[in-house]
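Engineer: If it helps, the file is called protein14.cif and holds mmCIF, C-alpha atoms and all ligand atoms:
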data_input
#
loop_
_atom_site.label_atom_id
_atom_site.label_comp_id
_atom_site.auth_asym_id
_atom_site.auth_seq_id
_atom_site.Cartn_x
_atom_site.Cartn_y
_atom_site.Cartn_z
CA MET W 130 -19.28 -3.98 25.35
CA PRO W 131 -19.81 -1.05 22.93
CA LEU W 132 -22.56 -1.76 20.38
CA LEU W 133 -22.92 -0.16 16.95
CA VAL W 134 -25.99 -0.73 14.79
CA LEU W 135 -25.09 0.01 11.18
CA TYR W 136 -27.41 -0.27 8.19
CA ASN W 137 -27.10 0.24 4.46
CA PRO W 138 -30.34 1.87 3.23
CA VAL W 139 -29.80 0.90 -0.42
CA SER W 140 -28.62 -2.72 -0.24
CA GLY W 141 -30.94 -5.46 -1.51
CA SER W 142 -34.48 -4.16 -1.84
CA ALA W 143 -33.57 -0.97 0.07
CA SER W 144 -35.21 -2.22 3.26
CA GLY W 145 -32.24 -1.76 5.65
CA LYS W 146 -33.76 1.23 7.44
CA GLN W 147 -37.11 -0.46 7.83
CA ILE W 148 -35.61 -3.73 9.11
CA THR W 149 -33.50 -1.76 11.59
CA GLU W 150 -36.37 0.32 12.93
CA HIS W 151 -39.12 -2.28 12.89
CA ARG W 152 -37.25 -5.47 13.74
CA VAL W 153 -33.71 -4.94 15.05
CA LEU W 154 -34.30 -2.10 17.52
CA PRO W 155 -37.49 -3.60 19.01
CA LEU W 156 -35.66 -6.92 19.51
CA LEU W 157 -32.79 -5.13 21.26
CA ALA W 158 -35.27 -3.26 23.49
CA GLU W 159 -37.00 -6.55 24.35
CA HIS W 160 -33.61 -7.81 25.59
CA HIS W 161 -32.86 -4.56 27.44
CA LYS W 162 -29.89 -3.94 25.19
CA ILE W 163 -29.05 -0.37 24.25
CA ALA W 164 -27.03 0.52 21.16
CA ASP W 165 -24.34 3.15 21.67
CA GLN W 166 -24.84 4.37 18.12
CA ILE W 167 -27.27 3.74 15.26
CA SER W 168 -25.91 4.83 11.89
CA SER W 169 -26.91 4.68 8.26
CA THR W 170 -24.35 4.65 5.46
CA GLU W 171 -24.72 7.74 3.31
CA HIS W 172 -22.63 6.75 0.33
CA ALA W 173 -20.57 3.90 -1.08
CA GLY W 174 -17.43 3.44 0.99
CA HIS W 175 -18.95 5.05 4.09
CA ALA W 176 -19.40 1.90 6.19
CA GLY W 177 -15.68 1.45 6.93
CA GLN W 178 -15.25 5.06 8.03
CA LEU W 179 -18.28 4.80 10.33
CA VAL W 180 -16.79 1.75 12.05
CA LEU W 181 -13.35 3.37 12.36
CA ASP W 182 -14.93 6.51 13.88
CA PHE W 183 -16.91 4.35 16.29
CA ILE W 184 -13.72 2.55 17.35
CA ASP W 185 -12.02 5.90 18.02
CA ALA W 186 -14.99 7.13 20.04
CA HIS W 187 -15.21 3.94 22.11
CA PRO W 188 -11.69 2.91 23.17
CA THR W 189 -11.67 -0.65 24.42
CA ASP W 190 -8.27 -0.85 26.08
CA GLY W 191 -6.12 -2.73 23.59
CA GLU W 192 -7.46 -6.25 23.22
CA GLY W 193 -11.08 -5.16 23.66
CA THR W 194 -14.15 -6.23 21.75
CA LEU W 195 -16.86 -4.33 19.87
CA ASP W 196 -20.25 -5.60 18.74
CA VAL W 197 -21.54 -4.45 15.35
CA ILE W 198 -25.04 -5.31 14.17
CA LEU W 199 -24.67 -5.00 10.40
CA VAL W 200 -27.89 -4.68 8.40
CA SER W 201 -26.73 -5.07 4.79
CA GLY W 202 -25.42 -7.53 2.20
CA ASP W 203 -21.92 -8.89 1.63
CA GLY W 204 -20.58 -5.75 -0.09
CA THR W 205 -20.93 -3.56 2.99
CA LEU W 206 -19.10 -6.11 5.13
CA HIS W 207 -16.40 -6.21 2.45
CA GLU W 208 -15.97 -2.42 2.73
CA ILE W 209 -15.62 -2.58 6.52
CA VAL W 210 -13.04 -5.39 6.42
CA ASN W 211 -10.95 -3.53 3.83
CA ALA W 212 -11.17 -0.16 5.59
CA LEU W 213 -10.05 -1.64 8.91
CA HIS W 214 -7.27 -3.64 7.33
CA ASP W 215 -6.00 -0.60 5.38
CA ALA W 216 -6.21 1.64 8.43
CA ARG W 217 -3.96 -0.66 10.41
CA ALA W 218 -1.65 -1.88 7.61
CA GLY W 219 1.95 -1.14 8.48
CA THR W 220 1.15 -0.12 12.05
CA ASP W 221 1.28 -2.25 15.16
CA LYS W 222 -1.72 -0.49 16.67
CA ALA W 223 -4.17 -3.24 17.58
CA LEU W 224 -7.80 -2.95 16.63
CA PRO W 225 -10.50 -4.19 18.92
CA LYS W 226 -11.97 -7.57 18.00
CA ILE W 227 -15.08 -7.01 15.90
CA ARG W 228 -18.03 -9.29 16.68
CA LEU W 229 -20.70 -9.11 13.99
CA ALA W 230 -24.37 -9.90 14.07
CA LEU W 231 -25.24 -10.08 10.38
CA VAL W 232 -28.80 -9.06 9.51
CA ALA W 233 -29.43 -10.23 5.95
CA ALA W 234 -30.63 -7.17 4.04
CA GLY W 235 -28.62 -7.48 0.82
CA THR W 236 -29.35 -9.20 -2.47
CA ALA W 237 -27.34 -12.42 -2.26
CA ASN W 238 -26.34 -12.41 1.43
CA ALA W 239 -23.89 -15.19 0.61
CA LEU W 240 -22.10 -15.25 3.95
CA TYR W 241 -25.33 -15.20 5.94
CA SER W 242 -26.82 -17.96 3.77
CA SER W 243 -23.79 -20.18 4.19
CA LEU W 244 -23.77 -19.71 7.97
CA PHE W 245 -27.54 -20.20 8.25
CA PRO W 246 -28.48 -22.57 5.42
CA SER W 247 -31.96 -23.15 6.80
CA ALA W 248 -32.75 -19.51 7.55
CA ALA W 249 -35.47 -19.62 4.83
CA GLY W 250 -35.72 -15.88 4.40
CA SER W 251 -35.46 -14.93 8.07
CA PRO W 252 -32.75 -12.28 8.41
CA LEU W 253 -32.40 -12.34 12.21
CA PHE W 254 -30.63 -15.61 13.12
CA SER W 255 -27.25 -14.00 13.78
CA LEU W 256 -28.81 -11.25 15.88
CA ALA W 257 -30.72 -13.88 17.85
CA ALA W 258 -27.37 -15.60 18.49
CA LEU W 259 -25.89 -12.35 19.81
CA LEU W 260 -28.84 -12.00 22.17
CA SER W 261 -28.76 -15.60 23.33
CA PRO W 262 -27.33 -16.46 26.77
CA SER W 263 -24.42 -18.45 25.29
CA PRO W 264 -23.59 -17.01 21.87
CA HIS W 265 -21.41 -18.97 19.48
CA LEU W 266 -18.91 -17.20 17.21
CA VAL W 267 -17.35 -18.20 13.88
CA SER W 268 -14.11 -16.44 12.96
CA LEU W 269 -13.85 -14.98 9.49
CA THR W 270 -10.96 -16.19 7.39
CA LEU W 271 -9.70 -13.41 5.14
CA ALA W 272 -7.94 -13.75 1.78
CA LEU W 273 -5.63 -11.14 0.30
CA THR W 274 -5.77 -10.96 -3.49
CA THR W 275 -3.19 -8.97 -5.43
CA LEU W 276 -3.61 -7.99 -9.07
CA LEU W 277 -0.13 -7.90 -10.53
CA PRO W 278 0.76 -6.13 -13.76
CA PRO W 279 3.38 -7.77 -16.00
CA SER W 280 6.89 -7.30 -14.62
CA SER W 281 7.74 -4.87 -17.46
CA HIS W 282 5.12 -2.39 -16.18
CA GLN W 283 5.87 0.40 -13.74
CA THR W 284 2.35 0.45 -12.24
CA ALA W 285 1.88 -0.71 -8.65
CA PRO W 286 -0.15 -3.84 -7.90
CA THR W 287 -3.67 -3.49 -6.48
CA SER W 288 -4.68 -5.48 -3.40
CA VAL W 289 -8.05 -6.32 -1.92
CA ILE W 290 -9.24 -8.41 1.01
CA SER W 291 -12.14 -10.82 0.65
CA ALA W 292 -14.19 -12.01 3.58
CA VAL W 293 -16.70 -14.13 1.66
CA VAL W 294 -15.65 -15.19 -1.82
CA THR W 295 -13.07 -14.41 -4.48
CA SER W 296 -13.87 -15.52 -7.98
CA THR W 297 -12.89 -15.35 -11.63
CA SER W 298 -14.57 -16.60 -14.83
CA LEU W 299 -18.28 -17.41 -14.73
CA HIS W 300 -18.99 -16.07 -11.26
CA ALA W 301 -16.98 -12.87 -11.75
CA SER W 302 -18.61 -12.36 -15.14
CA ILE W 303 -22.11 -12.81 -13.71
CA LEU W 304 -21.38 -10.39 -10.86
CA HIS W 305 -19.90 -7.89 -13.31
CA ASP W 306 -22.99 -7.93 -15.53
CA SER W 307 -25.50 -8.08 -12.67
CA GLU W 308 -24.17 -4.79 -11.29
CA THR W 309 -25.21 -3.00 -14.48
CA LEU W 310 -28.75 -4.36 -13.95
CA ARG W 311 -29.05 -3.27 -10.28
CA GLN W 312 -31.24 -0.19 -10.97
CA GLN W 313 -33.72 -2.08 -13.14
CA MET W 314 -33.75 -5.24 -11.02
CA PRO W 315 -33.05 -4.67 -7.34
CA GLY W 316 -33.74 -8.33 -6.46
CA ILE W 317 -31.91 -11.58 -6.98
CA GLU W 318 -33.38 -12.00 -10.49
CA ARG W 319 -30.61 -9.78 -11.85
CA PHE W 320 -28.16 -12.63 -11.15
CA LYS W 321 -30.33 -14.99 -13.20
CA VAL W 322 -30.44 -12.58 -16.14
CA ALA W 323 -26.67 -12.05 -15.94
CA ALA W 324 -26.17 -15.82 -15.73
CA GLN W 325 -28.14 -16.28 -18.97
CA GLN W 326 -26.02 -13.62 -20.65
CA ASN W 327 -22.90 -15.60 -19.74
CA ALA W 328 -24.28 -19.10 -20.29
CA THR W 329 -22.05 -20.14 -23.16
CA ARG W 330 -18.93 -18.18 -22.32
CA TRP W 331 -15.77 -20.12 -21.44
CA TYR W 332 -12.58 -18.65 -20.05
CA ALA W 333 -8.97 -19.16 -21.12
CA ALA W 334 -6.44 -19.07 -18.32
CA ARG W 335 -3.95 -21.06 -16.29
CA ALA W 336 -4.32 -21.56 -12.59
CA HIS W 337 -1.88 -22.62 -9.90
CA LEU W 338 -2.98 -23.87 -6.53
CA LEU W 339 -0.59 -22.85 -3.77
CA PRO W 340 0.42 -25.16 -0.93
CA PRO W 341 -0.77 -26.73 1.22
CA VAL W 342 -3.09 -28.27 -1.40
CA GLN W 343 -5.57 -30.98 -0.54
CA ARG W 344 -8.25 -32.44 -2.76
CA SER W 345 -11.45 -32.41 -0.78
CA LYS W 346 -14.90 -33.91 -1.20
CA GLY W 347 -16.64 -30.57 -0.81
CA PRO W 348 -16.98 -27.68 1.55
CA LEU W 349 -17.15 -28.30 5.26
CA ARG W 350 -20.64 -26.91 5.28
CA THR W 351 -22.55 -25.17 2.57
CA SER W 352 -25.82 -24.92 0.79
CA SER W 353 -25.02 -21.73 -0.98
CA PRO W 354 -23.99 -21.45 -4.63
CA PRO W 355 -21.08 -23.55 -5.74
CA SER W 356 -17.77 -21.99 -5.64
CA THR W 357 -16.01 -22.86 -8.76
CA SER W 358 -12.49 -23.43 -9.32
CA THR W 359 -9.46 -23.03 -11.26
CA GLY W 360 -8.35 -25.31 -14.00
CA SER W 361 -4.85 -26.02 -15.07
CA SER W 362 -5.92 -26.43 -18.65
CA PRO W 363 -6.70 -23.56 -20.94
CA ARG W 364 -10.42 -22.94 -21.44
CA SER W 365 -11.25 -24.09 -17.98
CA ALA W 366 -14.65 -22.69 -17.28
CA SER W 367 -16.06 -20.84 -14.36
CA PRO W 368 -13.33 -20.79 -11.79
CA ARG W 369 -14.44 -19.26 -8.56
CA LEU W 370 -12.89 -19.33 -5.17
CA ARG W 371 -14.40 -19.51 -1.83
CA ARG W 372 -13.40 -19.41 1.77
CA ALA W 373 -13.75 -22.43 4.00
CA HIS W 374 -16.90 -22.48 6.13
CA PRO W 375 -16.68 -22.63 8.99
CA PRO W 376 -13.08 -21.46 8.90
CA SER W 377 -11.68 -23.67 11.61
CA GLU W 378 -8.35 -23.51 9.81
CA ASP W 379 -6.66 -20.91 7.66
CA ALA W 380 -7.55 -22.23 4.22
CA ILE W 381 -9.47 -21.40 1.07
CA ASP W 382 -11.88 -23.79 -0.61
CA VAL W 383 -11.40 -23.66 -4.36
CA VAL W 384 -14.23 -24.96 -6.50
CA VAL W 385 -13.51 -25.82 -10.13
CA VAL W 386 -15.70 -26.75 -13.07
CA ARG W 387 -13.72 -27.59 -16.21
CA PRO W 388 -15.68 -28.33 -19.39
CA SER W 389 -12.61 -30.09 -20.77
CA ARG W 390 -13.25 -32.93 -18.27
CA ASP W 391 -16.60 -33.67 -19.87
CA PRO W 392 -16.08 -36.82 -22.05
CA SER W 393 -18.51 -35.47 -24.66
CA VAL W 394 -16.67 -32.15 -25.13
CA ARG W 395 -14.36 -32.40 -28.14
CA ASP W 396 -13.95 -28.77 -29.09
CA ALA W 397 -14.83 -25.32 -27.82
CA GLY W 398 -17.32 -24.52 -30.59
CA GLU W 399 -20.70 -22.82 -30.12
CA GLU W 400 -22.57 -26.12 -30.11
CA ALA W 401 -20.36 -27.66 -27.42
CA ARG W 402 -20.71 -24.55 -25.28
CA ALA W 403 -24.47 -24.49 -25.63
CA ARG W 404 -24.65 -28.17 -24.61
CA PHE W 405 -22.36 -27.56 -21.67
CA ALA W 406 -24.45 -24.60 -20.47
CA ASP W 407 -27.23 -27.02 -19.44
CA LYS W 408 -24.71 -28.97 -17.38
CA ALA W 409 -23.40 -25.81 -15.74
CA TRP W 410 -26.97 -24.95 -14.62
CA LYS W 411 -27.32 -28.46 -13.18
CA VAL W 412 -24.21 -27.80 -11.11
CA LEU W 413 -25.44 -24.39 -9.96
CA GLY W 414 -28.90 -25.76 -9.18
CA GLY W 415 -27.41 -28.72 -7.29
CA ALA W 416 -25.60 -26.33 -4.99
CA TYR W 417 -28.98 -25.08 -3.78
CA GLU W 418 -30.17 -28.62 -3.17
CA ASP W 419 -28.19 -29.34 -0.07
CA GLY W 420 -24.86 -29.35 -1.87
CA LYS W 421 -25.90 -32.02 -4.38
CA HIS W 422 -23.46 -30.60 -6.94
CA VAL W 423 -20.52 -32.33 -5.25
CA ARG W 424 -22.03 -35.75 -6.03
CA LEU W 425 -22.54 -35.11 -9.76
CA ARG W 426 -20.54 -37.32 -12.15
CA TYR W 427 -20.15 -37.67 -15.92
CA ASN W 428 -21.16 -41.04 -17.35
CA VAL W 429 -19.24 -42.39 -20.37
CA ASP W 430 -21.42 -40.37 -22.75
CA GLY W 431 -20.83 -37.16 -20.86
CA GLU W 432 -24.31 -37.05 -19.32
CA ILE W 433 -24.50 -35.85 -15.76
CA VAL W 434 -25.58 -38.50 -13.28
CA GLU W 435 -25.98 -38.30 -9.53
CA GLU W 436 -24.06 -41.40 -8.54
CA GLY W 437 -21.47 -43.71 -10.08
CA ASP W 438 -17.75 -44.02 -10.72
CA GLY W 439 -17.50 -41.37 -13.42
CA VAL W 440 -15.35 -38.26 -13.31
CA PRO W 441 -16.69 -35.72 -10.78
CA VAL W 442 -18.13 -32.66 -12.51
CA VAL W 443 -17.09 -30.34 -9.69
CA GLU W 444 -13.63 -30.40 -8.14
CA TYR W 445 -12.94 -29.09 -4.68
CA PHE W 446 -9.52 -28.23 -3.28
CA ARG W 447 -8.55 -26.84 0.08
CA VAL W 448 -5.51 -24.62 -0.48
CA GLY W 449 -3.31 -21.94 1.02
CA GLY W 450 -3.74 -19.74 -2.04
CA TRP W 451 -4.03 -19.65 -5.81
CA GLU W 452 -2.80 -17.82 -8.89
CA TRP W 453 -4.87 -17.03 -11.96
CA ILE W 454 -3.10 -16.13 -15.19
CA PRO W 455 -5.58 -15.17 -17.90
CA ASP W 456 -4.80 -15.55 -21.60
CA GLU W 457 -4.13 -12.06 -22.90
CA ALA W 458 -6.71 -12.41 -25.67
CA ASP W 459 -9.56 -13.30 -23.31
CA GLU W 460 -10.85 -10.07 -21.78
CA ARG W 461 -13.47 -11.69 -19.58
CA ALA W 462 -10.88 -14.01 -18.04
CA HIS W 463 -9.28 -10.86 -16.60
CA LEU W 464 -12.20 -10.15 -14.26
CA VAL W 465 -11.83 -10.86 -10.54
CA CYS W 466 -14.68 -10.54 -8.06
CA ALA W 467 -13.95 -9.96 -4.37
CA ASP W 468 -17.15 -10.23 -2.30
CA GLY W 469 -19.08 -8.68 -5.21
CA ALA W 470 -16.60 -5.89 -6.03
CA ILE W 471 -15.17 -6.27 -9.54
CA PHE W 472 -11.52 -5.77 -10.48
CA THR W 473 -9.63 -6.24 -13.74
CA ILE W 474 -6.24 -7.94 -13.99
CA PRO W 475 -3.89 -5.77 -16.08
CA LYS W 476 -3.14 -7.20 -19.56
CA GLY W 477 -0.24 -9.64 -19.29
CA GLY W 478 -0.61 -9.79 -15.52
CA ARG W 479 -2.09 -12.23 -13.01
CA ALA W 480 -4.06 -12.44 -9.79
CA SER W 481 -2.50 -13.99 -6.73
CA SER W 482 -4.58 -14.78 -3.68
CA GLN W 483 -3.46 -16.02 -0.31
CA VAL W 484 -5.20 -16.80 2.90
CA LEU W 485 -4.30 -14.29 5.59
CA SER W 486 -3.09 -16.09 8.65
CA ARG W 487 -4.97 -14.80 11.67
CA THR W 488 -1.73 -14.29 13.51
CA SER W 489 -0.17 -12.22 10.73
CA HIS W 490 -2.68 -9.38 10.63
CA ASN W 491 -4.31 -7.47 13.39
CA VAL W 492 -7.90 -7.47 12.19
CA ASP W 493 -10.06 -9.99 13.99
CA PHE W 494 -13.64 -10.51 12.81
CA ALA W 495 -16.09 -13.12 14.01
CA VAL W 496 -19.80 -13.63 13.33
CA TYR W 497 -22.45 -14.62 15.89
CA THR W 498 -23.99 -17.92 14.76
N1 LIG D 501 -26.07 5.31 1.24
C1 LIG D 501 -25.58 4.68 0.18
N2 LIG D 501 -25.85 5.11 -1.08
C2 LIG D 501 -25.39 4.47 -2.17
N3 LIG D 501 -24.64 3.34 -2.10
C3 LIG D 501 -24.35 2.85 -0.89
C4 LIG D 501 -24.79 3.50 0.31
N4 LIG D 501 -24.34 2.78 1.37
C5 LIG D 501 -23.64 1.75 0.87
N5 LIG D 501 -23.65 1.78 -0.47
C6 LIG D 501 -23.10 0.78 -1.43
O1 LIG D 501 -24.09 -0.23 -1.59
C7 LIG D 501 -23.43 -1.34 -2.17
C8 LIG D 501 -24.28 -2.59 -2.03
O2 LIG D 501 -24.34 -3.00 -0.70
P1 LIG D 501 -24.37 -4.54 -0.28
O3 LIG D 501 -23.35 -5.28 -1.03
O4 LIG D 501 -24.35 -4.59 1.18
O5 LIG D 501 -25.79 -4.99 -0.82
P2 LIG D 501 -26.16 -5.93 -2.03
O6 LIG D 501 -25.18 -5.79 -3.15
O7 LIG D 501 -27.59 -5.68 -2.33
O8 LIG D 501 -26.06 -7.36 -1.35
P3 LIG D 501 -25.08 -8.61 -1.64
O9 LIG D 501 -23.67 -8.05 -1.70
O10 LIG D 501 -25.30 -9.52 -0.47
O11 LIG D 501 -25.56 -9.18 -2.95
C9 LIG D 501 -22.12 -1.40 -1.45
O12 LIG D 501 -21.11 -1.77 -2.36
C10 LIG D 501 -21.90 0.03 -0.92
O13 LIG D 501 -20.74 0.62 -1.45
#
Take the structure from the file and write it as structure tokens.
Structural biologist:
Amino acid sequence: MPLLVLYNPVSGSASGKQITEHRVLPLLAEHHKIADQISSTEHAGHAGQLVLDFIDAHPTDGEGTLDVILVSGDGTLHEIVNALHDARAGTDKALPKIRLALVAAGTANALYSSLFPSAAGSPLFSLAALLSPSPHLVSLTLALTTLLPPSSHQTAPTSVISAVVTSTSLHASILHDSETLRQQMPGIERFKVAAQQNATRWYAARAHLLPPVQRSKGPLRTSSPPSTSTGSSPRSASPRLRRAHPPSEDAIDVVVVRPSRDPSVRDAGEEARARFADKAWKVLGGAYEDGKHVRLRYNVDGEIVEEGDGVPVVEYFRVGGWEWIPDEADERAHLVCADGAIFTIPKGGRASSQVLSRTSHNVDFAVYT
């Protein structure tokens, strides 16, 4: 099977080249595996073109399969998925199936962390799976998000595919601000700084969950940051959407945190927001403690407790799609993050996201686990 090794030299702490040369290639040699091509991205947007060129240079007879060892973070994977989808949109030319060994060399590495919750800093679990005698694969569920201008506008909608997470509100705002800090802070601490900057911000919007909708107790498997949700009430905070892991079905997990459900929240004033910020950090922190956030409840006084009959702080839904309609006056509620890439909903418009059925598009990605 053709094998491409592809690394991003600037993702994360800019160690992609070093990891490739000092860890990935020696491991391949140990297993007598030879890469057909080893490539570095040279600019943003290059990864997708490199994979498309590799596909053209290595025809696999229709339903064939290609292995790609991808040394990067989530953003580079996002570029590849979108480039392949765009290249085949509107054609019936089948792409080979893409089998990915993810080598975690980005900043957040959200997909890798959710597939290997106990990796504890080791970036090579997926590659080890590829090299194992009986590799296991997890298919990637993709979501198509369209940013629609108001119907009175002549402008065309923008669409983007997500392979990891689509978010609005708190998560999108953090990702937006963290990007401006990338030069100064190449590591994960830029997310913490951006989180502080957004601690007391709430978001005004309406959300619709699209069928089939199921309330669920939490993700199938996760120890990565909580995916937030959408609220149907204005001022719902921190909606963020996330794909089901492992995606055994075509569905999106939507995670919602709504301050208006907190019994102690009576208004949206500065004081209430500051008090709620502490609770939001508890939720975020709980997500890193083996998914503890899904067990958090409000007691009658609005304090967060770990057990009990109170209202759950975090809501999970498994859905076929969602719509997010920001209040026109709330600029930050217009941000949408797709696997780390930031988009802005046009004023008066909305975002609509739907899971892409695997049978309806001809891009097939799976990750060695
Ligand atoms: N040679 C390059 N020079 C400059 N930018 C590049 C180059 N190659 C890729 N990029 C850009 O680097 C960006 C960051 O890559 P990636 O998302 O993989 O890492 P990250 O942001 O550090 O990790 P994560 O997304 O997991 O937090 C991508 O959006 C991509 O467009």
Engineer: Name the residues in contact with Leu464 (chain W) at a cut-off of 6 Å, using all atoms listed in the file, excluding same-chain residues fewer than 3 positions from it; report them as a ChimeraX atom specification.
Structural biologist: /W:297,461,472-473
Engineer: With all atoms listed in the file as the basis for distance, which of W:Ile163, W:Ala324, W:Val434, W:Ala176 is at the shortest distance from ligand LIG 501 (chain D)?
Structural biologist: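 Closest candidate: W:Ala176.
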Engineer: Between CA of Pro340 (chain W) and CA of Val448 (chain W), what distance in Å does the model show, to one decimal?
Structural biologist: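 For CA of Pro340 (chain W) relative to CA of Val448 (chain W), the distance reads 6.0 Å.
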Engineer: Interatomic distance between CA of Asp185 (chain W) and CA of Leu231 (chain W)?
Structural biologist: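 Interatomic distance, CA of Asp185 (chain W) to CA of Leu231 (chain W): 22.1 Å.
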Engineer: May I ask which of the residues W:Thr205, W:Ser168, W:Ser255, W:Ser247 is the closest one to ligand LIG 501 (chain D), counting only C-alpha atoms and all ligand atoms?
Structural biologist: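 Smallest separation from ligand LIG 501 (chain D) among the options: W:Thr205.
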Engineer: Please compute the CA of Ala333 (chain W)-CA of His463 (chain W) distance, one decimal, in Å.
Structural biologist: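 Between these atoms lies a distance of 9.5 Å.
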Engineer: So which residues are near ligand LIG 501 (chain D), meaning at most 9 Å away with only C-alpha atoms and all ligand atoms counted, given back as a PDB file with C-alpha atoms, in the coordinates of the input?
Structural biologist:
ATOM      1  CA  TYR W 136     -27.410  -0.270   8.190  1.00  0.00           C
ATOM      2  CA  ASN W 137     -27.100   0.240   4.460  1.00  0.00           C
ATOM      3  CA  PRO W 138     -30.340   1.870   3.230  1.00  0.00           C
ATOM      4  CA  VAL W 139     -29.800   0.900  -0.420  1.00  0.00           C
ATOM      5  CA  SER W 140     -28.620  -2.720  -0.240  1.00  0.00           C
ATOM      6  CA  GLY W 141     -30.940  -5.460  -1.510  1.00  0.00           C
ATOM      7  CA  SER W 142     -34.480  -4.160  -1.840  1.00  0.00           C
ATOM      8  CA  ALA W 143     -33.570  -0.970   0.070  1.00  0.00           C
ATOM      9  CA  SER W 169     -26.910   4.680   8.260  1.00  0.00           C
ATOM     10  CA  THR W 170     -24.350   4.650   5.460  1.00  0.00           C
ATOM     11  CA  GLU W 171     -24.720   7.740   3.310  1.00  0.00           C
ATOM     12  CA  HIS W 172     -22.630   6.750   0.330  1.00  0.00           C
ATOM     13  CA  ALA W 173     -20.570   3.900  -1.080  1.00  0.00           C
ATOM     14  CA  GLY W 174     -17.430   3.440   0.990  1.00  0.00           C
ATOM     15  CA  HIS W 175     -18.950   5.050   4.090  1.00  0.00           C
ATOM     16  CA  ALA W 176     -19.400   1.900   6.190  1.00  0.00           C
ATOM     17  CA  VAL W 200     -27.890  -4.680   8.400  1.00  0.00           C
ATOM     18  CA  SER W 201     -26.730  -5.070   4.790  1.00  0.00           C
ATOM     19  CA  GLY W 202     -25.420  -7.530   2.200  1.00  0.00           C
ATOM     20  CA  ASP W 203     -21.920  -8.890   1.630  1.00  0.00           C
ATOM     21  CA  GLY W 204     -20.580  -5.750  -0.090  1.00  0.00           C
ATOM     22  CA  THR W 205     -20.930  -3.560   2.990  1.00  0.00           C
ATOM     23  CA  LEU W 206     -19.100  -6.110   5.130  1.00  0.00           C
ATOM     24  CA  HIS W 207     -16.400  -6.210   2.450  1.00  0.00           C
ATOM     25  CA  GLU W 208     -15.970  -2.420   2.730  1.00  0.00           C
ATOM     26  CA  ALA W 233     -29.430 -10.230   5.950  1.00  0.00           C
ATOM     27  CA  ALA W 234     -30.630  -7.170   4.040  1.00  0.00           C
ATOM     28  CA  GLY W 235     -28.620  -7.480   0.820  1.00  0.00           C
ATOM     29  CA  THR W 236     -29.350  -9.200  -2.470  1.00  0.00           C
ATOM     30  CA  ALA W 237     -27.340 -12.420  -2.260  1.00  0.00           C
ATOM     31  CA  ASN W 238     -26.340 -12.410   1.430  1.00  0.00           C
ATOM     32  CA  ALA W 239     -23.890 -15.190   0.610  1.00  0.00           C
ATOM     33  CA  LEU W 240     -22.100 -15.250   3.950  1.00  0.00           C
ATOM     34  CA  TYR W 241     -25.330 -15.200   5.940  1.00  0.00           C
ATOM     35  CA  GLU W 308     -24.170  -4.790 -11.290  1.00  0.00           C
ATOM     36  CA  ARG W 311     -29.050  -3.270 -10.280  1.00  0.00           C
ATOM     37  CA  PRO W 315     -33.050  -4.670  -7.340  1.00  0.00           C
ATOM     38  CA  GLY W 316     -33.740  -8.330  -6.460  1.00  0.00           C
ATOM     39  CA  ILE W 317     -31.910 -11.580  -6.980  1.00  0.00           C
ATOM     40  CA  ASP W 468     -17.150 -10.230  -2.300  1.00  0.00           C
ATOM     41  CA  GLY W 469     -19.080  -8.680  -5.210  1.00  0.00           C
ATOM     42  CA  ALA W 470     -16.600  -5.890  -6.030  1.00  0.00           C
TER      43      ALA W 470
END
Engineer: In terms of the shortest atom-to-atom distance over all atoms listed in the file, which of W:Ala223, W:Leu133, W:Ala467, W:Ile198 is closest to Leu304 (chain W)?
Structural biologist: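 Between W:Ala223, W:Leu133, W:Ala467, W:Ile198, the residue approaching Leu304 (chain W) most closely is W:Ala467.
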Engineer: Can you tell me, as a PyMOL selection string, what residues are no more than 12 Å from Ala409 (chain W) when counting only C-alpha atoms, ignoring any on the same chain fewer than 6 positions away?
Structural biologist: chain W and resi 299-300+324-325+327-331+354-355+357+366-368+385-388+391+402-403+415-416+422+425+432-433+442-443
Engineer: Counting only C-alpha atoms, figure out which residue out of W:Ser482, W:Tyr427, W:Gly439, W:Trp410 gets nearest to Val394 (chain W).
Structural biologist: W:Tyr427
Engineer: Nearest residue to Val383 (chain W) out of W:Gly414, W:Pro225, W:Pro341, W:Gly450, using only C-alpha atoms?
Structural biologist: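 Of W:Gly414, W:Pro225, W:Pro341, W:Gly450, the one nearest Val383 (chain W), counting only C-alpha atoms, is W:Gly450.
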Engineer: Using the atoms already present, construct N, CA and C atoms for region 477-481 of chain W and hand them back as a PDB file, in the frame of the given file.
Structural biologist:
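As a result, result_13.pdb now contains:
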ATOM      1  N   GLY W 477      -1.561  -9.038 -19.477  1.00  0.00           N
ATOM      2  CA  GLY W 477      -0.240  -9.640 -19.290  1.00  0.00           C
ATOM      3  C   GLY W 477       0.072  -9.924 -17.826  1.00  0.00           C
ATOM      4  N   GLY W 478      -0.859  -9.606 -16.950  1.00  0.00           N
ATOM      5  CA  GLY W 478      -0.610  -9.790 -15.520  1.00  0.00           C
ATOM      6  C   GLY W 478      -1.320 -11.015 -14.970  1.00  0.00           C
ATOM      7  N   ARG W 479      -1.455 -11.073 -13.659  1.00  0.00           N
ATOM      8  CA  ARG W 479      -2.090 -12.230 -13.010  1.00  0.00           C
ATOM      9  C   ARG W 479      -2.677 -11.799 -11.680  1.00  0.00           C
ATOM     10  N   ALA W 480      -3.522 -12.659 -11.140  1.00  0.00           N
ATOM     11  CA  ALA W 480      -4.060 -12.440  -9.790  1.00  0.00           C
ATOM     12  C   ALA W 480      -3.453 -13.484  -8.881  1.00  0.00           C
ATOM     13  N   SER W 481      -3.079 -13.057  -7.692  1.00  0.00           N
ATOM     14  CA  SER W 481      -2.500 -13.990  -6.730  1.00  0.00           C
ATOM     15  C   SER W 481      -3.234 -13.804  -5.410  1.00  0.00           C
TER      16      SER W 481
END
